[in-house]
Structures are given as C-alpha cells and as structure tokens.
Amino acid sequence: MARKKPEPAKKQPAAAKAAPASAGKTVAVVEQAKPAVKEAEPAVKAEKPAVKKAEPTAKAEKPAAEQAKTAEKKAEKPAVKKTEPAAKAEKAAAKKAEPAVKAEAPAAKKTEPAAKAEKPAAKKAKPAAKKTKPAAKKPAPAPVNEVPAPVEEPVHPVEEAPMEQPYVSPRRSVAFIGSECHPFVKTGGLGDVMYALPRELVKQNCDVRVILPRYACIPQQYQEKMVYRGEFYMDLGLTGRSYYVGIMEYVWDGVVYDFIDNQEFFSAGNPYISLVDDIPKYCYFSKAALAALNFLNWIPDVIHCHDWQAALVPVYLRTMFQGTPVGRAKTVLTIHNLRFQGIYNIPTLKYWTGLPNEVFEMGAMKQDYEDANMLKGGLAYADRITTVSGTYAWEIQTPEYGEHLEDHLRYHSYKLRGIVNGIDYGMWNPATDPALAVNYDITNVLDHKWQNKLALQEELGLVQDQGKFVIGLISRLTNQKGLDLVNAIVPELMDGNTQVIVLGTGDKQYEDTFRYYENAYRGMFSACIQYDESRAHRIYAGADALLVPSRFEPCGLTQLNAMHYGTLPIVRETGGLKDTVEPYNIFNGDGNGFTFDRYDAGLLLDAVNRAKTEYFVNRYHWDEVVQRDMAKDVSWQNSARQYKDLYLELTPW
Ligand code: ADP
Ligand code: GLC
C-alpha cells in the first residue's frame, strides 16, 4: 500500500478613578496556574537523565534539520530577490492609494459637527481624550511613510513588475466589540478569538480597536496598565437615568484596547452571572461602546461584533446612532455559539434599550410573540453575519442546530458565511511554551513528547508509564461538549493501558461524574475540576490524543491546539471539527485524527478504539500523523485574510 510521507513542516465617576478594581475569580485562575507550573518542576528534574539520554538523538538530528533549513533558505532566496522590485512597485502602489484614504477624512470631518451637537457632556472630557490621541493614531501612518527610493527602477525591464507584484490589501479600521478577550478575561474560545484575530488583522493592514467591559475580575497587572481616556454620561432606555461611561485604554502590540468602565454593571467577579443581571449589562455595554467611538472621534470603517452580548450594536447603530458619526460604519456580527442568544421579555428589553417599536417586530427582535431576542435583532440589522466554520454556517440553518433561529438565518443567508478560526502561534508553540516540561518541535517531537507525558503523569498523580495511551479532554463541562457520551464509555475505556485526563469546570453533574471516575480508577483517571491555562498547555503536550465528541461545535479550538502540539484529535464530525480534522484513512495513511459522525456513545468508543489500534499496533503510522498534524497550517493568517476580504467587500472605496 502506498503511504504518503508526512508533509514537511511549513514554514462610576468616582469609581473610574478608583482604578484598582478588586481582583476577582478570573485573576485567581491565572495566578493559580503558576503554582501548577512549579508543581511540575520536580517532575522535570526527576526526568532529567531521560532528557539527557535523548540528547544525542536530538543532536544527531540537528544537522539534518539545519541542512533542511539551509536547503529551504537556498531555495527561497532567489524568489525573495525576484520579488524585491515588485515590493518597491507595491510601495509605490500603496502611495497611489493614499489619496483614497485622505479622501475619507473629510467625510469623517463632515460628520464631526453632528457629534459635537449631540454630545455636550462629552465636550467636558475632551481634553483628556486629546492627550492620549497620538497613541491611537500611531499605527496609521506606517505604510504611507515607507517611500521607496526608486533608484533601481529603470535598470530592470518593465516585464518583471506586474507578475511578481504582491497584493497589499488596502488599509481599513475595525472596532471589535465583545464580552471577553484573553488575557484580560476568558471563559472559552471567544476570548481566544478576540485576542488573536485583531493581532493578525493588524499584520494585514488594519487599525484595530477592541472594546471590552472593564470587569473587576481583570487581573490587576492589566488594570494598572490602563490609561484614563475620558468619561461622559449616557442615558439608557426608559430608565430615566444618566449612566457613567468611563474609557480606560491599553495599547499593546499594535492593538488598542478600550475598556468601558462602570462599576454598577461590571463589578461582579465573573463576566456572566445570570440573565437578570446580564441583559441590562450588555444593553448598556453595546450602547456605551458606540457612544465611546463617537466620544473618541474614532469612526471605524467596520464594527465587528461578537455573540449576543454585542448583538445590539448593529440595532442601536441603525436606529439611535444612524445620524451620528459612527452611523457610517458597516457592521459584521459573528456567531460563536448560537445556543446563547440573550432572550428576555419585551417590556424588560424596551425598558433597558429604549429602542423604537419597529425593532420589536417579528422581523427583528421579537420571538414567540412575547419575548425579545437580542441576537435575533442583531442578525437582522447587521450588514454581514459570519460564524466560525463553514459547516456550522450550514448547520445553523437546520432545525437540528438552528436553536429556533433557523428560519431567520435562512432568510438572512445571503449575508451569512463561515470563516474557520485559527490559533495564535505565539501563544501556542510547543517549541517555546514556558509551561512545558520539555520543549519540542516537528523535528524532535518523537524524542521529546513522551517526556512531557511522564511529567504530566507525575503532576497529576497518575501511574508514570510512557507506554500508556493518554487521552486528554479540555473543555467547559456543559451539555454542548458531548460529555454524556464520554460518561457512557469510561468503564470500557479503562483497560489498564489507557489513562484519561479531564480538565474543565461547568455543570455540577459532569464535575461530579468525573470526580467519581477519578476515585474509581485511581492512578489512571485524573479529574482536574478547575480552569488552569498552563495545565491545559501541559495536557496538550503530554497527551497522545484529545477527545472532542461535541454535540455541536461552531469551530472548536482545542482540536487545533492539540494538532499543533502533535496530539491526535478524536472528534465528532460536526461544525468546525468536521472542517479541521480530516478522518484518518487506514488504507492510505491520510488524515489528521479519528472521527465519528452520529451522536452515539458506541461510535465514539469505536473511534477511540481505532485510535488505540494505530497507537499500539501501527506506531509508525501514528507517528506520521503526529508530524503531519504539527505541520498543518492552523494559524490565523488565512482566516484573518478572509475577514479582511469581507471588510473590503463592505467598504469598496
Ligand atoms: P468553547 O469556546 O466552546 O469553550 P473552544 O474549543 O473554542 O470551546 O475553546 C476553548 C478554549 O478554552 C481553549 O483555548 C481551551 O484550551 C480553553 N479551556 C477550556 N477549558 C479550560 C480549562 N478548564 N482550563 C484551561 N483552559 C481551558
Ligand atoms: C464558541 C464555540 C467554539 C468556538 C469559540 C470561538 O465558544 O463553542 O466552538 O471555537 O466560540 O469561536
């Protein structure tokens, strides 16, 4: 049978000033992670001899790896040279594009009087905003200033330039609005996306501002870095009250983070509490975010909102804010998880938003004749809707996955598309990850990964044996994640050669179930009922396989992290799992992991057993897949380009 070789590695007024908001639970989470790292240290030390033993192999491999790198470099060099003149031509093209950018400016200026007329209260705070203005403006001039010296141009014939000229996509400004963002606050993948995508967009010629609530649970180290940008008062719905809006800013790696400050809404330890608290909180937040853009006089080309917590942004924008400066922006609403929609009775939402009656019609927020649905309204008013994988974009238009919005989504399907998530290679890199016992890359994964397994086993009190098949599961413990299936097959999994590690928090029923199994299978089953970033990294590195048997999964990031760490995913073929994990084919060796389709415990067990067979019987094939997965491009680059294209489609000037 012809087997494919693994792919080569590709390259409140007073409150605002009282800045130190008390560190809440999430902070503790981040800090808790540190001792965990320390705990792991002895394990590393104990294993040192093993590491040393492996060294000669690593060293022996080095020259080969280096040779390969040199060969690659050599192969690349001429190409780089060839593109040089093109790059110059491209810069010149960028110069040509300049007037377009400038032409935009007057438009923004024209709208300024409206802002001034509208915001007498804001005026008072303006000086403060002015002080910090340069920081926000910093990223903009960069490409314009890099004017090439056209000395060599006449030397080369004209033919070269048009073919080789790389495309530089025009600059656009984008405001991200959402409820969480790593490392400030994260409960799941939304936090990862809000961190990684803006950073990648900056690389792709975008100015990005991320607007977030200033929760009290944001770690003190970040609270301290925030700079006061100003404050104003804003009315909210039919409350008859004027609410404080403070803006605290933090600029980091080219991305500007603006935190909306109001202790009345954001002083709880967790971002999400209960709908009774969360509905008013995010009605306030969405409106305050738009008002803040006007206040800062930073009018983006596109406003990119995320999930139900920011879904009212397009609704406010096309109603109350239409005639204000920010009204010229286009909107994109991304669905990260359709299960959460922000539904409450109509009178309550009218009270907190003050939105006009037409918004509460069936075509927009109204649902089931008495409720109002914030996400549904956002989907109706947004210029574009995206979700985080192509398959999920299709699935949510069916009753099985549509969460009662399938008809609404089908109606708006002309503006809906799926763009799969990536992962941040800076944050997730086994070669440099400080949380790991031993770092490794694609060239030495087979020599070093097992050392991470031994360290992990010691850290968690499992039987230390590199021959065991270790299955990890890193997840919010909720109904979405397929945990009923896992629960059903644990006794059959525990065959003496298999260990299971669960890391997660969530519904009590699942937490208790996994604690029970830990007790029942001492030394072979570990239930870490906690949120621990660095332990998650060590599980990705130390496990052989990662389980993601979700009932539905819009994208899923854990399978991407796992693949990047050479850990094979075992997933259900749904949403982004289907789009990112190609099933392993025993006949030709293709694929990235082990998959099953129907939501059925027997099929999950079958997939795990197939994985075990490859691991124990055909280790050579298994190792090929490990390397192939590490070489797979799961970065943000491609996906961010698709978002950029979408922004350009919306702003075709
Ligand atoms: P979701 O957003 O539905 O929770 P994703 O797979 O998109 O699922 O993202 C989950 C993210 O949260 C991943 O980065 C994963 O590593 C992380 N994560 C989930 N649970 C934990 C935990 N208990 N401790 C540390 N990280 C976790
Ligand atoms: C949601 C989804 C998850 C996705 C994440 C980031 O939480 O459940 O599948 O990866 O958002 O988009």
# chains A, B, ... in the order shown; residues from 1 in each chain; ligands from 1
$ closest_atom_pairs --of "chain A" --to "ligand 1" --cutoff "9 Å" --atoms "only C-alpha atoms and all ligand atoms" --output "CSV"
residue,atom,partner,partner_atom_place_in_ligand_line,distance
A:Val29,CA,ligand 1,24 (N),8.8
A:Lys186,CA,ligand 1,12 (O),7.6
A:Thr187,CA,ligand 1,12 (O),6.5
A:Gly188,CA,ligand 1,4 (O),3.8
A:Gly189,CA,ligand 1,2 (O),3.3
A:Leu190,CA,ligand 1,2 (O),5.6
A:Gly191,CA,ligand 1,11 (C),7.8
A:Asp192,CA,ligand 1,14 (O),6.2
A:Val193,CA,ligand 1,7 (O),8.5
A:His336,CA,ligand 1,2 (O),7.6
A:Asn337,CA,ligand 1,3 (O),7.4
A:Asn421,CA,ligand 1,7 (O),8.6
A:Ile423,CA,ligand 1,14 (O),8.6
A:Leu473,CA,ligand 1,20 (N),8.8
A:Ile474,CA,ligand 1,20 (N),5.1
A:Ser475,CA,ligand 1,20 (N),4.0
A:Arg476,CA,ligand 1,20 (N),4.9
A:Leu477,CA,ligand 1,20 (N),8.0
A:Gln480,CA,ligand 1,3 (O),7.8
A:Lys481,CA,ligand 1,3 (O),7.7
A:Val502,CA,ligand 1,23 (N),8.5
A:Leu503,CA,ligand 1,23 (N),4.8
A:Gly504,CA,ligand 1,23 (N),3.4
A:Thr505,CA,ligand 1,23 (N),5.6
A:Gly506,CA,ligand 1,23 (N),8.8
A:Cys528,CA,ligand 1,23 (N),7.8
A:Ile529,CA,ligand 1,23 (N),7.1
A:Gln530,CA,ligand 1,23 (N),5.3
A:Tyr531,CA,ligand 1,23 (N),3.6
A:Asp532,CA,ligand 1,24 (N),4.0
A:Glu533,CA,ligand 1,25 (C),4.0
A:Ser534,CA,ligand 1,25 (C),7.1
A:Arg535,CA,ligand 1,25 (C),6.9
A:Ala536,CA,ligand 1,25 (C),5.0
A:His537,CA,ligand 1,16 (O),7.4
A:Tyr540,CA,ligand 1,16 (O),8.5
A:Val548,CA,ligand 1,6 (O),8.5
A:Glu553,CA,ligand 1,3 (O),6.9
A:Pro554,CA,ligand 1,3 (O),7.7
A:Cys555,CA,ligand 1,7 (O),6.1
A:Gly556,CA,ligand 1,6 (O),3.6
A:Leu557,CA,ligand 1,6 (O),3.7
A:Thr558,CA,ligand 1,6 (O),4.5
A:Gln559,CA,ligand 1,6 (O),7.1
A:Leu560,CA,ligand 1,6 (O),8.4
A:Asn561,CA,ligand 1,16 (O),7.3
$ write_last_selection --atoms "C-alpha atoms" --output "mmCIF file, in the first residue's frame"
data_model
loop_
_atom_site.group_PDB
_atom_site.id
_atom_site.type_symbol
_atom_site.label_atom_id
_atom_site.label_comp_id
_atom_site.auth_asym_id
_atom_site.auth_seq_id
_atom_site.Cartn_x
_atom_site.Cartn_y
_atom_site.Cartn_z
ATOM 1 C CA VAL A 29 -7.395 31.478 37.915
ATOM 2 C CA LYS A 186 -11.651 34.420 29.102
ATOM 3 C CA THR A 187 -14.209 31.701 29.685
ATOM 4 C CA GLY A 188 -13.788 29.902 26.349
ATOM 5 C CA GLY A 189 -12.817 30.207 22.727
ATOM 6 C CA LEU A 190 -14.403 33.637 22.246
ATOM 7 C CA GLY A 191 -11.644 35.029 24.464
ATOM 8 C CA ASP A 192 -9.011 33.409 22.262
ATOM 9 C CA VAL A 193 -10.520 34.798 19.066
ATOM 10 C CA HIS A 336 -19.519 31.978 18.075
ATOM 11 C CA ASN A 337 -22.256 29.987 19.716
ATOM 12 C CA ASN A 421 -10.946 30.027 13.418
ATOM 13 C CA ILE A 423 -4.892 29.648 16.767
ATOM 14 C CA LEU A 473 -10.245 16.343 27.422
ATOM 15 C CA ILE A 474 -10.070 20.128 27.932
ATOM 16 C CA SER A 475 -13.475 21.699 27.945
ATOM 17 C CA ARG A 476 -16.233 23.696 29.521
ATOM 18 C CA LEU A 477 -18.253 20.924 31.176
ATOM 19 C CA GLN A 480 -22.643 21.086 24.267
ATOM 20 C CA LYS A 481 -19.436 19.150 24.662
ATOM 21 C CA VAL A 502 -10.204 15.754 32.172
ATOM 22 C CA LEU A 503 -9.607 19.491 32.671
ATOM 23 C CA GLY A 504 -12.700 21.652 32.977
ATOM 24 C CA THR A 505 -15.382 23.320 35.035
ATOM 25 C CA GLY A 506 -19.087 23.670 34.466
ATOM 26 C CA CYS A 528 -8.970 18.416 37.218
ATOM 27 C CA ILE A 529 -12.114 20.375 38.004
ATOM 28 C CA GLN A 530 -10.558 23.777 37.549
ATOM 29 C CA TYR A 531 -9.698 26.413 34.978
ATOM 30 C CA ASP A 532 -5.951 26.369 34.548
ATOM 31 C CA GLU A 533 -4.320 27.804 31.416
ATOM 32 C CA SER A 534 -0.847 26.416 31.935
ATOM 33 C CA ARG A 535 -2.065 22.970 32.897
ATOM 34 C CA ALA A 536 -4.073 22.990 29.670
ATOM 35 C CA HIS A 537 -0.827 23.592 27.760
ATOM 36 C CA TYR A 540 -1.966 19.336 25.014
ATOM 37 C CA VAL A 548 -13.767 16.450 21.408
ATOM 38 C CA GLU A 553 -19.198 22.705 17.897
ATOM 39 C CA PRO A 554 -19.229 26.010 15.997
ATOM 40 C CA CYS A 555 -15.489 25.763 15.486
ATOM 41 C CA GLY A 556 -13.610 24.355 18.448
ATOM 42 C CA LEU A 557 -10.098 25.399 19.262
ATOM 43 C CA THR A 558 -8.916 22.531 21.428
ATOM 44 C CA GLN A 559 -8.530 20.185 18.461
ATOM 45 C CA LEU A 560 -6.409 22.842 16.730
ATOM 46 C CA ASN A 561 -4.199 23.324 19.787
#
$ residues_around --residues "Ala607 in chain A" --least-positions-apart "2" --cutoff "10 Å" --atoms "only C-alpha atoms" --output "PyMOL selection string"
chain A and resi 570-572+593-597+601-605+609-613
$ closest_residue --among "A:Ser389, A:Ser413, A:Asn429, A:Thr498" --to "ligand 2" --atoms "only C-alpha atoms and all ligand atoms"
A:Ser389
$ residues_around --residues "Gln341 in chain A" --least-positions-apart "6" --cutoff "8 Å" --atoms "only C-alpha atoms" --output "PyMOL selection string"
chain A and resi 307-308+373-376
$ write_last_selection --atoms "N, CA and C atoms" --output "mmCIF file, in the first residue's frame"
data_model
loop_
_atom_site.group_PDB
_atom_site.id
_atom_site.type_symbol
_atom_site.label_atom_id
_atom_site.label_comp_id
_atom_site.auth_asym_id
_atom_site.auth_seq_id
_atom_site.Cartn_x
_atom_site.Cartn_y
_atom_site.Cartn_z
ATOM 1 N N ASP A 307 -21.143 37.631 19.190
ATOM 2 C CA ASP A 307 -22.131 36.948 20.036
ATOM 3 C C ASP A 307 -23.209 37.885 20.601
ATOM 4 N N TRP A 308 -24.129 37.306 21.376
ATOM 5 C CA TRP A 308 -25.323 38.059 21.769
ATOM 6 C C TRP A 308 -24.996 39.268 22.628
ATOM 7 N N ASN A 373 -35.348 38.922 21.472
ATOM 8 C CA ASN A 373 -34.117 38.156 21.355
ATOM 9 C C ASN A 373 -33.032 39.089 20.805
ATOM 10 N N MET A 374 -32.040 39.345 21.622
ATOM 11 C CA MET A 374 -31.016 40.329 21.234
ATOM 12 C C MET A 374 -30.218 39.858 20.012
ATOM 13 N N LEU A 375 -29.851 38.570 20.008
ATOM 14 C CA LEU A 375 -29.071 38.071 18.874
ATOM 15 C C LEU A 375 -29.891 38.130 17.591
ATOM 16 N N LYS A 376 -31.162 37.772 17.689
ATOM 17 C CA LYS A 376 -32.029 37.773 16.502
ATOM 18 C C LYS A 376 -32.091 39.190 15.903
#
$ select_by_dssp --residues "range 360-528 of chain A" --states "strand (DSSP E or B)" --output "ChimeraX atom specification"
/A:366-367,371-373,384-387,416-418,423,469-474,477,498-503,506,525-528
$ closest_residue --among "A:Asp433, A:Glu614, A:Asp235, A:Asp465" --to "Gly496 in chain A" --atoms "only C-alpha atoms"
A:Asp465
$ residues_around --residues "Tyr381 in chain A" --least-positions-apart "3" --cutoff "7 Å" --atoms "only C-alpha atoms" --output "PyMOL selection string"
chain A and resi 314-315+377-378
$ closest_residue --among "A:Ile343, A:Ile211, A:Leu201, A:Leu577" --to "Gly254 in chain A" --atoms "only C-alpha atoms"
A:Leu201
$ closest_residue --among "A:Tyr233, A:Tyr195, A:Trp394, A:Tyr282" --to "ligand 2" --atoms "only C-alpha atoms and all ligand atoms"
A:Tyr195
$ closest_residue --among "A:Val359, A:Met194, A:Ile396, A:Val202" --to "ligand 2" --atoms "only C-alpha atoms and all ligand atoms"
A:Met194
$ select_by_dssp --residues "range 295-471 of chain A" --states "helix (DSSP H, G or I)" --output "ChimeraX atom specification"
/A:295-296,308-310,312-318,325-328,346-353,357-360,374-381,390-395,406-411,413-415,445-460
